[in-house]
>>> print(open('input_4.cif').read())   # mmCIF, C-alpha atoms
data_model
#
loop_
_atom_site.group_PDB
_atom_site.id
_atom_site.type_symbol
_atom_site.label_atom_id
_atom_site.label_comp_id
_atom_site.auth_asym_id
_atom_site.auth_seq_id
_atom_site.Cartn_x
_atom_site.Cartn_y
_atom_site.Cartn_z
ATOM 1 C CA MET A 1 -1.148 31.369 -22.963
ATOM 2 C CA LYS A 2 0.580 30.517 -26.223
ATOM 3 C CA PHE A 3 3.938 30.316 -24.401
ATOM 4 C CA VAL A 4 2.478 27.777 -21.950
ATOM 5 C CA ILE A 5 1.258 25.555 -24.784
ATOM 6 C CA VAL A 6 4.629 25.737 -26.568
ATOM 7 C CA ALA A 7 6.485 25.042 -23.312
ATOM 8 C CA LYS A 8 4.209 22.081 -22.579
ATOM 9 C CA MET A 9 4.747 20.679 -26.075
ATOM 10 C CA GLN A 10 8.521 20.982 -25.676
ATOM 11 C CA TYR A 11 8.295 19.271 -22.270
ATOM 12 C CA LEU A 12 6.425 16.329 -23.789
ATOM 13 C CA LYS A 13 9.047 16.016 -26.535
ATOM 14 C CA VAL A 14 11.906 15.690 -24.068
ATOM 15 C CA PRO A 15 11.553 12.398 -22.158
ATOM 16 C CA LYS A 16 14.854 12.976 -20.356
ATOM 17 C CA LEU A 17 13.508 16.237 -18.944
ATOM 18 C CA GLN A 18 10.426 14.371 -17.695
ATOM 19 C CA LYS A 19 12.624 11.877 -15.867
ATOM 20 C CA ILE A 20 14.730 14.648 -14.357
ATOM 21 C CA ILE A 21 11.607 16.420 -13.127
ATOM 22 C CA ILE A 22 10.158 13.187 -11.687
ATOM 23 C CA PHE A 23 13.495 12.463 -9.993
ATOM 24 C CA LEU A 24 13.664 15.960 -8.494
ATOM 25 C CA VAL A 25 10.030 15.877 -7.322
ATOM 26 C CA LEU A 26 10.485 12.487 -5.600
ATOM 27 C CA LEU A 27 13.756 13.623 -4.033
ATOM 28 C CA ALA A 28 12.235 16.929 -2.883
ATOM 29 C CA LEU A 29 9.168 15.215 -1.385
ATOM 30 C CA ASP A 30 11.372 12.900 0.661
ATOM 31 C CA LEU A 31 13.884 15.513 1.807
ATOM 32 C CA LEU A 32 11.233 18.159 2.542
ATOM 33 C CA SER A 33 9.179 15.706 4.602
ATOM 34 C CA LYS A 34 12.287 14.755 6.604
ATOM 35 C CA TYR A 35 13.123 18.439 7.113
ATOM 36 C CA LEU A 36 9.610 19.144 8.420
ATOM 37 C CA VAL A 37 9.704 16.156 10.768
ATOM 38 C CA PHE A 38 13.162 17.111 12.025
ATOM 39 C CA ASN A 39 12.065 20.679 12.763
ATOM 40 C CA TYR A 40 8.477 20.213 13.971
ATOM 41 C CA ILE A 41 8.248 16.817 15.698
ATOM 42 C CA ASP A 42 10.389 16.128 18.747
ATOM 43 C CA LEU A 43 12.631 13.082 18.706
ATOM 44 C CA TYR A 44 10.613 9.957 19.670
ATOM 45 C CA GLU A 45 7.366 11.944 19.811
ATOM 46 C CA PHE A 46 4.323 10.239 18.264
ATOM 47 C CA VAL A 47 1.539 12.199 16.548
ATOM 48 C CA LYS A 48 -1.578 10.048 16.102
ATOM 49 C CA ILE A 49 -3.074 10.409 12.623
ATOM 50 C CA THR A 50 -5.387 7.374 12.469
ATOM 51 C CA PRO A 51 -5.973 4.332 14.729
ATOM 52 C CA PHE A 52 -3.180 2.518 12.830
ATOM 53 C CA PHE A 53 -0.844 5.300 11.637
ATOM 54 C CA ASP A 54 1.335 7.776 13.541
ATOM 55 C CA LEU A 55 3.907 10.326 12.543
ATOM 56 C CA THR A 56 7.042 10.166 14.631
ATOM 57 C CA HIS A 57 10.645 11.307 14.585
ATOM 58 C CA ILE A 58 13.241 8.545 14.683
ATOM 59 C CA HIS A 59 16.936 8.631 13.802
ATOM 60 C CA ASN A 60 17.952 5.460 11.975
ATOM 61 C CA PHE A 61 21.708 4.928 12.343
ATOM 62 C CA GLY A 62 21.527 1.517 10.642
ATOM 63 C CA VAL A 63 20.231 0.195 7.361
ATOM 64 C CA SER A 64 16.700 -1.004 6.591
ATOM 65 C CA PHE A 65 14.561 -1.297 9.721
ATOM 66 C CA GLY A 66 17.515 -0.101 11.829
ATOM 67 C CA LEU A 67 19.569 -3.257 11.254
ATOM 68 C CA PHE A 68 23.204 -2.874 12.318
ATOM 69 C CA SER A 69 22.343 0.391 14.082
ATOM 70 C CA GLY A 70 25.410 1.802 15.771
ATOM 71 C CA THR A 71 27.715 -0.967 14.528
ATOM 72 C CA ILE A 72 28.654 0.455 11.116
ATOM 73 C CA PRO A 73 29.877 4.079 10.866
ATOM 74 C CA ALA A 74 27.802 6.424 8.683
ATOM 75 C CA VAL A 75 30.658 6.992 6.239
ATOM 76 C CA TYR A 76 30.804 3.260 5.458
ATOM 77 C CA LEU A 77 27.023 3.114 5.001
ATOM 78 C CA ILE A 78 27.275 6.059 2.594
ATOM 79 C CA ILE A 79 30.049 4.367 0.586
ATOM 80 C CA ILE A 80 28.145 1.068 0.468
ATOM 81 C CA GLY A 81 24.981 2.941 -0.555
ATOM 82 C CA LEU A 82 26.813 4.734 -3.364
ATOM 83 C CA LEU A 83 28.285 1.462 -4.648
ATOM 84 C CA VAL A 84 24.824 -0.114 -4.649
ATOM 85 C CA VAL A 85 23.407 2.912 -6.516
ATOM 86 C CA ILE A 86 26.176 2.643 -9.130
ATOM 87 C CA PHE A 87 25.274 -1.015 -9.671
ATOM 88 C CA ILE A 88 21.548 -0.194 -9.905
ATOM 89 C CA VAL A 89 22.293 2.616 -12.400
ATOM 90 C CA TYR A 90 24.162 0.042 -14.507
ATOM 91 C CA LEU A 91 21.092 -2.230 -14.398
ATOM 92 C CA PHE A 92 18.869 0.780 -15.151
ATOM 93 C CA LEU A 93 20.888 1.727 -18.243
ATOM 94 C CA ASN A 94 20.581 -1.869 -19.485
ATOM 95 C CA ALA A 95 16.907 -2.367 -18.583
ATOM 96 C CA GLN A 96 15.003 -4.483 -21.097
ATOM 97 C CA ASP A 97 11.473 -3.144 -20.651
ATOM 98 C CA LYS A 98 9.492 -0.288 -19.124
ATOM 99 C CA LEU A 99 8.481 -2.016 -15.873
ATOM 100 C CA GLU A 100 12.081 -2.936 -15.088
ATOM 101 C CA TYR A 101 13.266 0.529 -16.165
ATOM 102 C CA TRP A 102 10.801 2.434 -13.959
ATOM 103 C CA GLY A 103 11.260 0.046 -11.041
ATOM 104 C CA LEU A 104 15.014 0.647 -11.077
ATOM 105 C CA PHE A 105 14.479 4.394 -11.568
ATOM 106 C CA ILE A 106 12.281 4.623 -8.465
ATOM 107 C CA ILE A 107 14.759 2.552 -6.433
ATOM 108 C CA ILE A 108 17.541 4.947 -7.463
ATOM 109 C CA CYS A 109 15.421 7.926 -6.358
ATOM 110 C CA GLY A 110 14.845 6.404 -2.922
ATOM 111 C CA ALA A 111 18.429 5.270 -2.445
ATOM 112 C CA ILE A 112 19.863 8.676 -3.352
ATOM 113 C CA ALA A 113 17.377 10.449 -1.057
ATOM 114 C CA ASN A 114 18.445 8.296 1.903
ATOM 115 C CA ILE A 115 22.138 8.739 1.042
ATOM 116 C CA ILE A 116 21.698 12.535 0.975
ATOM 117 C CA ASP A 117 19.900 12.392 4.327
ATOM 118 C CA ARG A 118 22.702 10.292 5.844
ATOM 119 C CA CYS A 119 25.346 12.679 4.413
ATOM 120 C CA ILE A 120 23.577 15.674 5.972
ATOM 121 C CA ASN A 121 22.708 14.162 9.363
ATOM 122 C CA GLY A 122 24.832 11.052 9.855
ATOM 123 C CA PHE A 123 21.563 9.098 10.054
ATOM 124 C CA VAL A 124 18.297 8.680 8.141
ATOM 125 C CA ILE A 125 15.108 10.237 9.477
ATOM 126 C CA ASP A 126 12.188 7.797 9.619
ATOM 127 C CA PHE A 127 8.760 9.128 10.514
ATOM 128 C CA MET A 128 5.864 7.007 9.247
ATOM 129 C CA TYR A 129 4.745 4.398 11.743
ATOM 130 C CA LEU A 130 2.138 1.696 11.019
ATOM 131 C CA TYR A 131 0.681 -0.662 13.601
ATOM 132 C CA ILE A 132 -2.323 -2.850 14.380
ATOM 133 C CA ASN A 133 -2.955 -3.479 18.069
ATOM 134 C CA GLN A 134 0.368 -4.761 19.463
ATOM 135 C CA TYR A 135 1.875 -5.469 16.011
ATOM 136 C CA TYR A 136 4.206 -2.737 14.762
ATOM 137 C CA TRP A 137 6.017 -2.124 11.502
ATOM 138 C CA PRO A 138 9.360 -0.301 11.809
ATOM 139 C CA ALA A 139 9.202 3.427 11.027
ATOM 140 C CA PHE A 140 9.976 4.419 7.446
ATOM 141 C CA ASN A 141 10.068 7.405 5.088
ATOM 142 C CA PHE A 142 9.157 8.269 1.486
ATOM 143 C CA ALA A 143 12.517 7.030 0.154
ATOM 144 C CA ASP A 144 11.790 3.634 1.722
ATOM 145 C CA ILE A 145 8.398 3.638 -0.009
ATOM 146 C CA TYR A 146 10.061 4.404 -3.363
ATOM 147 C CA ILE A 147 12.526 1.553 -2.885
ATOM 148 C CA SER A 148 9.731 -0.857 -1.886
ATOM 149 C CA ILE A 149 7.561 0.108 -4.875
ATOM 150 C CA GLY A 150 10.553 -0.302 -7.209
ATOM 151 C CA ILE A 151 11.302 -3.748 -5.810
ATOM 152 C CA ILE A 152 7.642 -4.768 -6.231
ATOM 153 C CA MET A 153 7.735 -3.560 -9.847
ATOM 154 C CA ILE A 154 10.850 -5.620 -10.549
ATOM 155 C CA ILE A 155 9.366 -8.724 -8.895
ATOM 156 C CA LEU A 156 6.191 -8.309 -10.970
ATOM 157 C CA ASN A 157 8.338 -7.956 -14.073
ATOM 158 C CA VAL A 158 10.255 -11.159 -13.286
ATOM 159 C CA LEU A 159 6.967 -13.011 -12.647
ATOM 160 C CA LYS A 160 5.566 -11.663 -15.919
ATOM 161 C CA LYS A 161 8.651 -12.910 -17.802
ATOM 162 C CA LEU A 162 8.460 -16.324 -16.106
ATOM 163 C CA LYS A 163 4.791 -16.625 -17.073
ATOM 164 C CA ILE A 164 5.569 -15.730 -20.700
ATOM 165 C CA LYS A 165 8.273 -18.445 -20.882
ATOM 166 C CA LYS A 166 5.828 -21.177 -19.849
#
>>> encode(input="input_4.cif", output="C-alpha cells")
Amino acid sequence: MKFVIVAKMQYLKVPKLQKIIIFLVLLALDLLSKYLVFNYIDLYEFVKITPFFDLTHIHNFGVSFGLFSGTIPAVYLIIIGLLVVIFIVYLFLNAQDKLEYWGLFIIICGAIANIIDRCINGFVIDFMYLYINQYYWPAFNFADIYISIGIIMIILNVLKKLKIKK
C-alpha cells in the first residue's frame, strides 16, 4: 500500500505525466470505440439505443460532416490535418490561460485520433447518430466530441476576455 501512495504522490508532482495520461486515455477511448464499431456493427447498420440516439457504422471519406467526401484523396486530408495540428500545437505552447490551454489540448487529442484513424483505414469511422423526428445530425465519433468541446472552451475563453475588457 505504501508503494501506491508514493506512486500517487509522484504522479501528482508530474503535471506533464498527467497530460500524457489524459492524452493517451482520450486517444484510446476514441480508437477503441472505432475498432469495436468496425468489428461488431455492419456498415450502415443502425442499432437503436434511445428514441433519439443510434449507434451506426459509417465511413467518412471527407472532412467534418462528410464534406468533400470522395473529392480529396486521404493522403491530402492527412497532410492538411497534420499541418493544422502543428499550428494548434504552436497555439497550445503559447496559450495564455488554462481554459485556452485545455481547449487546445482537447482539440489536439481529437485531431490526432482522427488522423490516426484515417492513416489506418483511409477514412474516419463515425458511429454516433442523433436525431429528433425527421431532423438528423451527421454521425460523429469521440474525436469529434473532443474537438467540439475544445472549440466551445476557446469560444468561452474569448467571450470571457471580451467581457473583462469592457
>>> atom_distance(input="input_4.cif", atom1="atom CA of A:Val63", atom2="atom CA of A:Leu104")
19.2 Å
>>> atom_distance(input="input_4.cif", atom1="atom CA of A:Asp54", atom2="atom CA of A:Met128")
6.3 Å
>>> resolve_selection(input="input_4.cif", expression="the PyMOL selection byres ((chain A and resi 126) around 6)", output="ChimeraX atom specification")
/A:58,125,127,139-141
>>> closest_residue(input="input_4.cif", among="A:Trp102, A:Ile116, A:Asn94, A:Gly81", to="A:Leu32", atoms="all atoms listed in the file")
A:Ile116
>>> resolve_selection(input="input_4.cif", expression="the PyMOL selection byres ((chain A and resi 145) around 12)", output="list in words")
Leu26, Leu29, Asp30, Ser64, Gly103, Ile106, Ile107, Ile108, Cys109, Gly110, Ala111, Ala113, Asn114, Asp126, Phe127, Met128, Ala139, Phe140, Asn141, Phe142, Ala143, Asp144, Tyr146, Ile147, Ser148, Ile149, Gly150, Ile151 and Ile152 of chain A
>>> atom_distance(input="input_4.cif", atom1="atom CA of A:Ile41", atom2="atom CA of A:Ile132")
22.4 Å
>>> residues_around(input="input_4.cif", residues="A:Ile49", least_positions_apart="5", cutoff="12 Å", atoms="all atoms listed in the file", output="list of chain:residue names")
A:Asp54, A:Leu55, A:Thr56, A:Met128, A:Tyr129, A:Leu130, A:Tyr131
>>> closest_residue(input="input_4.cif", among="A:Asn60, A:Gln96, A:Gln18, A:Thr71", to="A:Leu43", atoms="only C-alpha atoms")
A:Asn60
>>> residues_near_point(input="input_4.cif", point="(21.3, 0.2, 7.2)", cutoff="10 Å", atoms="all atoms listed in the file", output="VMD selection string")
chain A and resid 60 to 72 74 77 to 78 80 to 81 123 to 124
>>> closest_residue(input="input_4.cif", among="A:Lys161, A:Lys19, A:Lys48, A:His59", to="A:Leu99", atoms="only C-alpha atoms")
A:Lys161
>>> closest_residue(input="input_4.cif", among="A:Gly122, A:Phe105, A:Ile154, A:Tyr44", to="A:Ile20", atoms="only C-alpha atoms")
A:Phe105
>>> closest_residue(input="input_4.cif", among="A:Ile164, A:Leu156, A:Tyr136, A:Leu36", to="A:Phe53", atoms="only C-alpha atoms")
A:Tyr136
>>> axis_aligned_box(input="input_4.cif", around="stretch 77-93 of chain A", padding_each_side="8 Å", output="JSON")
{"center_x": 24.5, "center_y": 1.9, "center_z": -6.6, "size_x": 27.2, "size_y": 24.3, "size_z": 39.2}
